[in-house]
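S.K.: Okay, here's the structure, questions in a sec.
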Amino acid sequence: MDYKQRVGVQSLVEQMGSVDNRSMLDLDYECLLSPGKDARKIQIPFSDQQLPLSDGFPIRYHKMIRNRVYGSIKTVVFSNKLNLLMPFGPQAILVHKLTANNAWVFFLSLLGITPLAERLGYATEQLAFYTGPTVGGLLNATFGNATELIISIYALKSGMTRVVQLSLLGSILSNMLLVLGCAFFCDGLVYHRKEQVFNKATGVVNSGLLLMAVMGLLFPAVLHYTHTERQVGKSELALSRFSSCIMLVAYAAYLFFQLRSPNDFYSPIDEEGSHDGEGSDNDEDEAPEITKWESVIWLTILTAWISILSGYLVDTIQGASEAWDLSIAFISVILLPVIGNAAEHASAIMFAMKDKLDITLGVAIGSSTQISMFGIPFCVVIGWMMGREMDLNFHLFETATLFITVMVVAFFLQEGTANYFKGLMLILCYLIVAASFYAHEDPTTTNQNKQPKT
């Protein structure tokens, strides 16, 4: 062997030693823990020869996977203080097995679902980093109100169609009055020396969709209470199913329009009223915290756990109503949305206090639009497939409440400005709505819960 060959072999051995000293585990672990980085930046200095695997490589590989799992659990479960409420879910199941106290089971299930709903939204946002804007928008449309939809499906399965109607209505009312009102009020107090502005186009489009949803709910109710059906008991249900399909098509068109519209149409605006493109730059700087498959796995786990707790929640709502001496209408319209969506409500208020009203509108008004144009029609179609006669007749009291709420919010949004006085008015309106449902007794819920389950 000549001198050049000996030097080449010696350099090759030195390179292998440097890689061994760093450990293959460190290299792979760095690639996995940094989903935003390009793994191609970390290269092994061998191109023509394959690095021989040592005897300890399987041990290091399993340790790497275990560390990755621990890191994902730490990011998803232990990074949010709201997750301290997660143990209430297993406690609800334990109380249900040991006692027959439906009120405690209902309350513990409701508290246990609250952090799961927030983490479900987090996992959806993480997955949207890898899917692009179009698929990401569809994911947000699907999982944005997944908790309400899961509870509604379980209630439909139990034959409690009236609970489905009231819970979805309560989510709309709480988002439009309570959440938006608290956001405007807090934003006005923090930035009381200047007038707050937001993109008026977003409010106008969502107000139009909400009015369309009111139209879809109004005609079946009018048809029922005026006794003008051509086929008694059939025309109202047929009209509801047809209108639901139309509303789903309209919401799909809205998503397509929103995703394909020019960027400056829905972009945030500054206080002078001009469109500000800095928000998109900030979004590009954000990086995912978990990988794509971790997001999918967490979505599956959270959805399954919410489904389990939703079953206990729906089964004990009647017992909670009797134990607390509250009507099912009040529990479904007021308690379920306020406590179940507390995390989403808090995030909207925090964005408003950071002077990000456009994001607040997306959470509050956008969520109301999603429930009214997608959630309610979707439940009608699902009930149709289940053989349940779920319709759009929400009764006169509930339909009138929704109509007045949409009109009030539309008037407050038409100027494109926000202040603490507008927020206070919306909060006071919600208090009136809550008092009205406290005094309202809905006989339909009582009759449905007395019926045996099929």
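Here's how to read the names in the structure tokens: chain A, B, ... by the order shown, residue numbers from 1 in each chain, ligand numbers from 1 in the order shown.
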Do you know which residues are at most 6 Å from Ser295 of chain A counting only C-alpha atoms, after dropping those on the same chain fewer than 2 positions away, and could you put them as a PyMOL selection string?

M.R.: chain A and resi 123+127+292-293+297-298

S.K.: Enumerate as an MDAnalysis selection string all residues of segment 117-305 of chain A assigned to helix (DSSP H, G or I) by DSSP on the backbone, naming them with the chain letters and numbers the document uses.

M.R.: chainID A and resid 117:143 146:157 161:190 200:225 235:260 278:285 292:305

S.K.: Would you mind exporting C-alpha atoms of the selected residues as a short mmCIF file (atom, residue, chain, number, x, y, z; two decimals), in the first residue's frame?

M.R.:
data_model
loop_
_atom_site.label_atom_id
_atom_site.label_comp_id
_atom_site.auth_asym_id
_atom_site.auth_seq_id
_atom_site.Cartn_x
_atom_site.Cartn_y
_atom_site.Cartn_z
CA ALA A 117 -61.65 21.09 22.39
CA GLU A 118 -58.79 23.58 22.65
CA ARG A 119 -56.13 20.94 21.92
CA LEU A 120 -58.18 19.70 18.95
CA GLY A 121 -57.97 23.17 17.45
CA TYR A 122 -54.23 23.23 18.16
CA ALA A 123 -53.66 19.91 16.38
CA THR A 124 -55.70 21.16 13.42
CA GLU A 125 -53.55 24.29 13.16
CA GLN A 126 -50.37 22.21 13.29
CA LEU A 127 -51.59 19.94 10.51
CA ALA A 128 -52.54 22.98 8.41
CA PHE A 129 -48.83 23.92 8.23
CA TYR A 130 -48.18 20.84 6.07
CA THR A 131 -51.33 20.81 3.92
CA GLY A 132 -51.27 24.29 2.42
CA PRO A 133 -53.93 27.01 2.59
CA THR A 134 -56.68 25.24 0.66
CA VAL A 135 -56.67 21.95 2.54
CA GLY A 136 -55.89 23.83 5.75
CA GLY A 137 -59.03 25.91 5.30
CA LEU A 138 -61.09 22.77 4.80
CA LEU A 139 -59.55 21.24 7.92
CA ASN A 140 -60.42 24.29 9.97
CA ALA A 141 -63.95 24.18 8.58
CA THR A 142 -64.26 20.53 9.56
CA PHE A 143 -62.57 20.48 12.96
CA ALA A 146 -65.85 19.40 15.95
CA THR A 147 -66.80 19.30 19.64
CA GLU A 148 -70.28 20.70 18.98
CA LEU A 149 -70.76 18.33 16.06
CA ILE A 150 -69.69 15.26 18.06
CA ILE A 151 -72.06 16.15 20.90
CA SER A 152 -74.83 16.76 18.37
CA ILE A 153 -74.30 13.43 16.66
CA TYR A 154 -74.50 11.59 20.00
CA ALA A 155 -77.65 13.50 20.88
CA LEU A 156 -79.14 12.61 17.49
CA LYS A 157 -78.28 8.97 18.06
CA THR A 161 -83.06 16.31 18.33
CA ARG A 162 -84.25 19.26 20.38
CA VAL A 163 -81.02 19.24 22.42
CA VAL A 164 -79.09 19.34 19.14
CA GLN A 165 -81.00 22.39 17.97
CA LEU A 166 -80.62 24.24 21.26
CA SER A 167 -76.91 23.50 21.74
CA LEU A 168 -76.02 24.66 18.24
CA LEU A 169 -78.16 27.76 18.69
CA GLY A 170 -76.41 28.47 21.99
CA SER A 171 -72.99 28.29 20.32
CA ILE A 172 -74.07 30.87 17.76
CA LEU A 173 -75.53 33.24 20.36
CA SER A 174 -72.55 33.00 22.72
CA ASN A 175 -70.02 33.64 19.94
CA MET A 176 -71.90 36.60 18.47
CA LEU A 177 -72.88 38.36 21.71
CA LEU A 178 -70.72 37.20 24.62
CA VAL A 179 -67.40 36.49 22.90
CA LEU A 180 -67.51 39.42 20.49
CA GLY A 181 -68.82 41.70 23.23
CA CYS A 182 -66.05 40.77 25.68
CA ALA A 183 -63.45 41.15 22.93
CA PHE A 184 -64.66 44.64 21.95
CA PHE A 185 -64.95 45.66 25.59
CA CYS A 186 -61.45 44.52 26.57
CA ASP A 187 -59.92 45.95 23.40
CA GLY A 188 -61.62 49.28 24.04
CA LEU A 189 -60.30 49.45 27.59
CA VAL A 190 -56.73 48.61 26.59
CA LYS A 200 -65.34 45.61 7.30
CA ALA A 201 -65.61 43.24 4.31
CA THR A 202 -65.25 40.21 6.60
CA GLY A 203 -68.10 41.38 8.82
CA VAL A 204 -70.36 42.18 5.87
CA VAL A 205 -69.89 38.79 4.19
CA ASN A 206 -70.41 36.86 7.43
CA SER A 207 -73.48 38.94 8.30
CA GLY A 208 -74.97 38.05 4.92
CA LEU A 209 -74.36 34.35 5.50
CA LEU A 210 -75.90 34.56 8.97
CA LEU A 211 -79.00 36.23 7.53
CA MET A 212 -79.22 33.44 4.97
CA ALA A 213 -79.07 30.93 7.82
CA VAL A 214 -81.88 32.80 9.59
CA MET A 215 -83.91 32.56 6.39
CA GLY A 216 -83.36 28.81 6.29
CA LEU A 217 -84.57 28.48 9.89
CA LEU A 218 -87.44 30.93 9.58
CA PHE A 219 -89.48 29.41 6.76
CA PRO A 220 -89.92 25.92 8.31
CA ALA A 221 -91.06 27.57 11.56
CA VAL A 222 -93.51 29.84 9.74
CA LEU A 223 -94.78 26.93 7.69
CA HIS A 224 -95.40 24.96 10.88
CA TYR A 225 -97.11 27.64 12.94
CA SER A 235 -93.61 19.28 3.97
CA GLU A 236 -91.79 20.88 6.90
CA LEU A 237 -89.23 18.08 7.08
CA ALA A 238 -88.75 18.00 3.29
CA LEU A 239 -88.25 21.78 3.19
CA SER A 240 -85.68 21.55 6.01
CA ARG A 241 -83.67 18.88 4.23
CA PHE A 242 -83.74 20.73 0.93
CA SER A 243 -82.73 24.02 2.59
CA SER A 244 -79.93 22.23 4.43
CA CYS A 245 -78.43 20.98 1.19
CA ILE A 246 -78.64 24.50 -0.26
CA MET A 247 -76.93 25.95 2.83
CA LEU A 248 -74.12 23.41 2.59
CA VAL A 249 -73.56 24.34 -1.06
CA ALA A 250 -73.54 28.02 -0.10
CA TYR A 251 -70.98 27.41 2.63
CA ALA A 252 -68.77 25.42 0.24
CA ALA A 253 -68.95 28.32 -2.21
CA TYR A 254 -68.04 30.70 0.61
CA LEU A 255 -64.96 28.63 1.47
CA PHE A 256 -63.90 28.55 -2.18
CA PHE A 257 -64.44 32.30 -2.48
CA GLN A 258 -62.52 32.99 0.71
CA LEU A 259 -59.56 30.83 -0.26
CA ARG A 260 -59.41 32.02 -3.86
CA GLU A 278 -47.51 42.31 7.73
CA GLY A 279 -49.80 39.65 9.07
CA SER A 280 -48.91 37.30 6.22
CA ASP A 281 -45.22 37.86 6.88
CA ASN A 282 -45.69 36.97 10.51
CA ASP A 283 -47.53 33.84 9.54
CA GLU A 284 -44.67 32.77 7.31
CA ASP A 285 -42.24 33.12 10.22
CA LYS A 292 -47.54 15.95 10.31
CA TRP A 293 -48.15 12.39 11.46
CA GLU A 294 -48.09 13.44 15.07
CA SER A 295 -50.84 15.95 14.26
CA VAL A 296 -52.91 13.21 12.61
CA ILE A 297 -52.41 10.86 15.57
CA TRP A 298 -53.35 13.55 18.09
CA LEU A 299 -56.45 14.47 16.06
CA THR A 300 -57.53 10.84 16.19
CA ILE A 301 -56.88 10.49 19.92
CA LEU A 302 -58.59 13.75 20.86
CA THR A 303 -61.62 13.09 18.66
CA ALA A 304 -62.06 9.62 20.19
CA TRP A 305 -61.74 10.96 23.74
#

S.K.: Please produce, as a Markdown table, a per-residue contact table for segment 65-100 of chain A versus segment 308-321 of chain A (criterion: any atom at most 9 Å away, only C-alpha atoms considered), showing the nearest atom pair and its distance in Å to one decimal, sorted by chain then residue number.

M.R.:
| residue | atom | partner | partner_atom | distance |
| --- | --- | --- | --- | --- |
| A:Gly89 | CA | A:Leu309 | CA | 6.8 |
| A:Pro90 | CA | A:Leu309 | CA | 8.8 |
| A:Ala92 | CA | A:Tyr312 | CA | 8.0 |
| A:Ile93 | CA | A:Tyr312 | CA | 7.7 |
| A:His96 | CA | A:Tyr312 | CA | 8.2 |

S.K.: Atom CA of Leu357 of chain A and atom CA of Ala418 of chain A, how far apart in Å?

M.R.: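 Atom-to-atom, atom CA of Ala418 of chain A to atom CA of Leu357 of chain A, that is 8.6 Å.
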
S.K.: For Pro87 of chain A, work out the shell of residues within 10 Å, counting only C-alpha atoms and skipping chain neighbours fewer than 2 positions away, then give it as a PyMOL selection string.

M.R.: chain A and resi 83-85+89-92+108-109+111-112

S.K.: So, counting only C-alpha atoms, which residue among A:Asn145, A:Ile382, A:Glu398, A:Ile365 is closest to Phe437 of chain A?

M.R.: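 Among the listed residues, A:Glu398 lies closest to Phe437 of chain A.
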
S.K.: Please report the interatomic distance between atom CA of Phe397 of chain A and atom CA of Val409 of chain A in Å with one decimal.

M.R.: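 We find that atom CA of Phe397 of chain A and atom CA of Val409 of chain A lie 18.5 Å from each other.
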